[in-house]
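Peer 1: Questions regarding the structure given below will be posed in turn.
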Amino acid sequence: MQLRVRDVCHGHSMASRALILQQKTSRPVQFEITEPARTAVSAWISHLNLKSEDYLFPSRIHASPHLSTRQYARIVDSWVHQLGLDPANYGTHALRRTKATLIYRRTKNLRAVQLLLGHSKLESTVRHLGIEVDDALEMAEQTEA
C-alpha cells in the first residue's frame, strides 16, 4: 500500500481517480475513488494530520514506512472474521475481482477490464474473471469477423 497522500489529493481536494504501479508487474493501473471513499480518506488524512509526502497508510512497524500487502490482507481478514463472513469469498483477491466482474457483466468488454486490472495478456483477464466457456462462445458468436 505504497500510496502517498499526493497520489490521491490535488491540493486540498480529493481526486476522483488515482494511478498506482502494480507491485507484481510494475505496470501503472488507474482506479476510481468513489465519493464515500473520498470522504473517508479525507477524514483519515485529517485525523492523522498527514502531509503530501506521507504514505496514506503508514505502517505501525518501525522497519516499514507503509502498510505492506501482507498487513493489508491480515486487516481485511480480521474484518471478514469479525463480520462472520466466509473468508473464501471476501479475501483481498476476491475484493479486487468484484468490481472487474461487475464491469464485465454489465459491458462484456474484456479489453476495458483488462486495462482496469493492469493485465498485459487478455488470457490473464479471462482467467481472473473466471469466464466460462459458454460465455466465451456466446461472445464469439456475437462478434462478426
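Chain labels A, B, ... are given in the sequence in which chains occur in the C-alpha cells; within each chain residues are numbered consecutively from 1, and ligands are likewise numbered from 1 in the order shown.
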Extract the full set of strand (DSSP E) residues from segment 5-100 of chain A according to DSSP on the backbone, and format it as a VMD selection string.
Peer 2: chain A and resid 9 to 10 13 to 14 17 to 21 28 to 32
Peer 1: Would you save the residues of that selection, restricted to N, CA, C and O atoms, as a PDB file, in the first residue's frame?
Peer 2:
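Saved result, result-v2.pdb, follows:
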ATOM      1  N   CYS A   9      -4.640  13.236  -3.683  1.00  0.00           N
ATOM      2  CA  CYS A   9      -5.101  14.609  -3.455  1.00  0.00           C
ATOM      3  C   CYS A   9      -4.516  15.557  -4.491  1.00  0.00           C
ATOM      4  O   CYS A   9      -3.373  15.415  -4.907  1.00  0.00           O
ATOM      5  N   HIS A  10      -5.327  16.512  -4.860  1.00  0.00           N
ATOM      6  CA  HIS A  10      -4.870  17.618  -5.703  1.00  0.00           C
ATOM      7  C   HIS A  10      -5.066  18.879  -4.874  1.00  0.00           C
ATOM      8  O   HIS A  10      -6.186  19.357  -4.741  1.00  0.00           O
ATOM      9  N   SER A  13      -8.113  19.082  -2.244  1.00  0.00           N
ATOM     10  CA  SER A  13      -9.287  18.279  -2.592  1.00  0.00           C
ATOM     11  C   SER A  13      -8.863  16.871  -3.019  1.00  0.00           C
ATOM     12  O   SER A  13      -7.785  16.654  -3.551  1.00  0.00           O
ATOM     13  N   MET A  14      -9.754  15.937  -2.784  1.00  0.00           N
ATOM     14  CA  MET A  14      -9.507  14.539  -3.136  1.00  0.00           C
ATOM     15  C   MET A  14      -9.737  14.335  -4.632  1.00  0.00           C
ATOM     16  O   MET A  14     -10.670  14.886  -5.203  1.00  0.00           O
ATOM     17  N   ARG A  17      -9.840   9.925  -9.171  1.00  0.00           N
ATOM     18  CA  ARG A  17      -9.077   8.777  -9.671  1.00  0.00           C
ATOM     19  C   ARG A  17      -7.642   8.894  -9.195  1.00  0.00           C
ATOM     20  O   ARG A  17      -7.149   9.984  -8.937  1.00  0.00           O
ATOM     21  N   ALA A  18      -6.986   7.754  -9.136  1.00  0.00           N
ATOM     22  CA  ALA A  18      -5.570   7.730  -8.768  1.00  0.00           C
ATOM     23  C   ALA A  18      -4.860   6.696  -9.635  1.00  0.00           C
ATOM     24  O   ALA A  18      -5.491   5.805 -10.200  1.00  0.00           O
ATOM     25  N   LEU A  19      -3.561   6.831  -9.724  1.00  0.00           N
ATOM     26  CA  LEU A  19      -2.740   5.932 -10.523  1.00  0.00           C
ATOM     27  C   LEU A  19      -1.668   5.338  -9.620  1.00  0.00           C
ATOM     28  O   LEU A  19      -1.006   6.068  -8.888  1.00  0.00           O
ATOM     29  N   ILE A  20      -1.546   4.024  -9.651  1.00  0.00           N
ATOM     30  CA  ILE A  20      -0.505   3.355  -8.870  1.00  0.00           C
ATOM     31  C   ILE A  20       0.257   2.401  -9.781  1.00  0.00           C
ATOM     32  O   ILE A  20      -0.229   2.027 -10.841  1.00  0.00           O
ATOM     33  N   LEU A  21       1.443   2.017  -9.349  1.00  0.00           N
ATOM     34  CA  LEU A  21       2.196   0.987 -10.053  1.00  0.00           C
ATOM     35  C   LEU A  21       1.933  -0.333  -9.369  1.00  0.00           C
ATOM     36  O   LEU A  21       2.087  -0.448  -8.153  1.00  0.00           O
ATOM     37  N   PRO A  28       1.439   0.657 -14.597  1.00  0.00           N
ATOM     38  CA  PRO A  28       0.522   1.624 -13.988  1.00  0.00           C
ATOM     39  C   PRO A  28      -0.926   1.149 -14.106  1.00  0.00           C
ATOM     40  O   PRO A  28      -1.329   0.609 -15.130  1.00  0.00           O
ATOM     41  N   VAL A  29      -1.673   1.336 -13.027  1.00  0.00           N
ATOM     42  CA  VAL A  29      -3.090   0.983 -13.010  1.00  0.00           C
ATOM     43  C   VAL A  29      -3.851   2.154 -12.406  1.00  0.00           C
ATOM     44  O   VAL A  29      -3.516   2.632 -11.326  1.00  0.00           O
ATOM     45  N   GLN A  30      -4.862   2.617 -13.128  1.00  0.00           N
ATOM     46  CA  GLN A  30      -5.675   3.716 -12.640  1.00  0.00           C
ATOM     47  C   GLN A  30      -6.909   3.133 -11.963  1.00  0.00           C
ATOM     48  O   GLN A  30      -7.456   2.118 -12.401  1.00  0.00           O
ATOM     49  N   PHE A  31      -7.356   3.775 -10.880  1.00  0.00           N
ATOM     50  CA  PHE A  31      -8.560   3.303 -10.220  1.00  0.00           C
ATOM     51  C   PHE A  31      -9.401   4.479  -9.765  1.00  0.00           C
ATOM     52  O   PHE A  31      -8.909   5.584  -9.549  1.00  0.00           O
ATOM     53  N   GLU A  32     -10.687   4.211  -9.632  1.00  0.00           N
ATOM     54  CA  GLU A  32     -11.656   5.216  -9.212  1.00  0.00           C
ATOM     55  C   GLU A  32     -11.658   5.320  -7.695  1.00  0.00           C
ATOM     56  O   GLU A  32     -11.518   4.321  -6.991  1.00  0.00           O
TER      57      GLU A  32
END
Peer 1: With only C-alpha atoms as the basis for distance, which of A:Thr69, A:Asn49, A:Ser16, A:Ser64 is at the shortest distance from His93 of chain A?
Peer 2: A:Thr69
Peer 1: What lies within 8 Å of segment 98-109 of chain A using only C-alpha atoms, ignoring chain neighbours under 5 positions off, as a count of residues only?
Peer 2: 3
Peer 1: Show which residues sit within 9 Å of segment 36-39 of chain A, as a PDB file with N, CA, C and O atoms, in the first residue's frame. Count only C-alpha atoms, and ignore same-chain residues fewer than 3 positions away.
Peer 2:
ATOM      1  N   VAL A   8      -3.466  10.827  -4.115  1.00  0.00           N
ATOM      2  CA  VAL A   8      -4.935  10.856  -4.093  1.00  0.00           C
ATOM      3  C   VAL A   8      -5.510  12.252  -3.889  1.00  0.00           C
ATOM      4  O   VAL A   8      -6.719  12.434  -3.911  1.00  0.00           O
ATOM      5  N   MET A  14      -9.754  15.937  -2.784  1.00  0.00           N
ATOM      6  CA  MET A  14      -9.507  14.539  -3.136  1.00  0.00           C
ATOM      7  C   MET A  14      -9.737  14.335  -4.632  1.00  0.00           C
ATOM      8  O   MET A  14     -10.670  14.886  -5.203  1.00  0.00           O
ATOM      9  N   ALA A  15      -8.890  13.539  -5.237  1.00  0.00           N
ATOM     10  CA  ALA A  15      -9.036  13.195  -6.649  1.00  0.00           C
ATOM     11  C   ALA A  15     -10.118  12.127  -6.799  1.00  0.00           C
ATOM     12  O   ALA A  15     -10.365  11.349  -5.882  1.00  0.00           O
ATOM     13  N   SER A  16     -10.762  12.091  -7.947  1.00  0.00           N
ATOM     14  CA  SER A  16     -11.769  11.054  -8.195  1.00  0.00           C
ATOM     15  C   SER A  16     -11.118   9.789  -8.752  1.00  0.00           C
ATOM     16  O   SER A  16     -11.731   8.739  -8.798  1.00  0.00           O
ATOM     17  N   ILE A  33     -11.836   6.534  -7.206  1.00  0.00           N
ATOM     18  CA  ILE A  33     -12.040   6.752  -5.775  1.00  0.00           C
ATOM     19  C   ILE A  33     -13.461   7.297  -5.639  1.00  0.00           C
ATOM     20  O   ILE A  33     -13.737   8.439  -6.016  1.00  0.00           O
ATOM     21  N   SER A  42     -10.339  11.517   3.198  1.00  0.00           N
ATOM     22  CA  SER A  42     -10.109  12.892   3.664  1.00  0.00           C
ATOM     23  C   SER A  42     -10.113  12.955   5.184  1.00  0.00           C
ATOM     24  O   SER A  42      -9.255  13.614   5.796  1.00  0.00           O
ATOM     25  N   ALA A  43     -11.073  12.267   5.796  1.00  0.00           N
ATOM     26  CA  ALA A  43     -11.145  12.232   7.264  1.00  0.00           C
ATOM     27  C   ALA A  43      -9.904  11.549   7.843  1.00  0.00           C
ATOM     28  O   ALA A  43      -9.356  11.984   8.864  1.00  0.00           O
ATOM     29  N   TRP A  44      -9.452  10.474   7.190  1.00  0.00           N
ATOM     30  CA  TRP A  44      -8.255   9.738   7.621  1.00  0.00           C
ATOM     31  C   TRP A  44      -7.018  10.644   7.573  1.00  0.00           C
ATOM     32  O   TRP A  44      -6.236  10.702   8.517  1.00  0.00           O
TER      33      TRP A  44
END
Peer 1: As a ChimeraX atom specification, please: every residue in segment 27-126 of chain A that a backbone DSSP assignment puts in alpha helix (DSSP H).
Peer 2: /A:35-48,69-83,92-107,110-117,122-126
Peer 1: For a quick check of understanding, using only C-alpha atoms, which of A:Thr34, A:Leu83, A:His66, A:His128 has the smallest distance to Leu95 of chain A?
Peer 2: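 Among the listed residues, A:His128 lies closest to Leu95 of chain A.
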Peer 1: Which one of A:Thr92, A:Lys24, A:Ala40, A:Asp54 sits closest to Val5 of chain A if you count only C-alpha atoms?
Peer 2: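 The shortest atom-to-atom distance to Val5 of chain A comes from A:Asp54.
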Peer 1: Please, what distance in Å, to one decimal, runs between atom CA of Leu115 of chain A and atom CA of Gln22 of chain A?
Peer 2: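 Distance between the two atoms: 12.3 Å.
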Peer 1: So which residues touch Gln71 of chain A within 12 Å, counting only C-alpha atoms, skipping near sequence neighbours fewer than 4 positions away, as number ranges by chain?
Peer 2: A: 1, 57-61, 64, 66-67, 75-78, 92
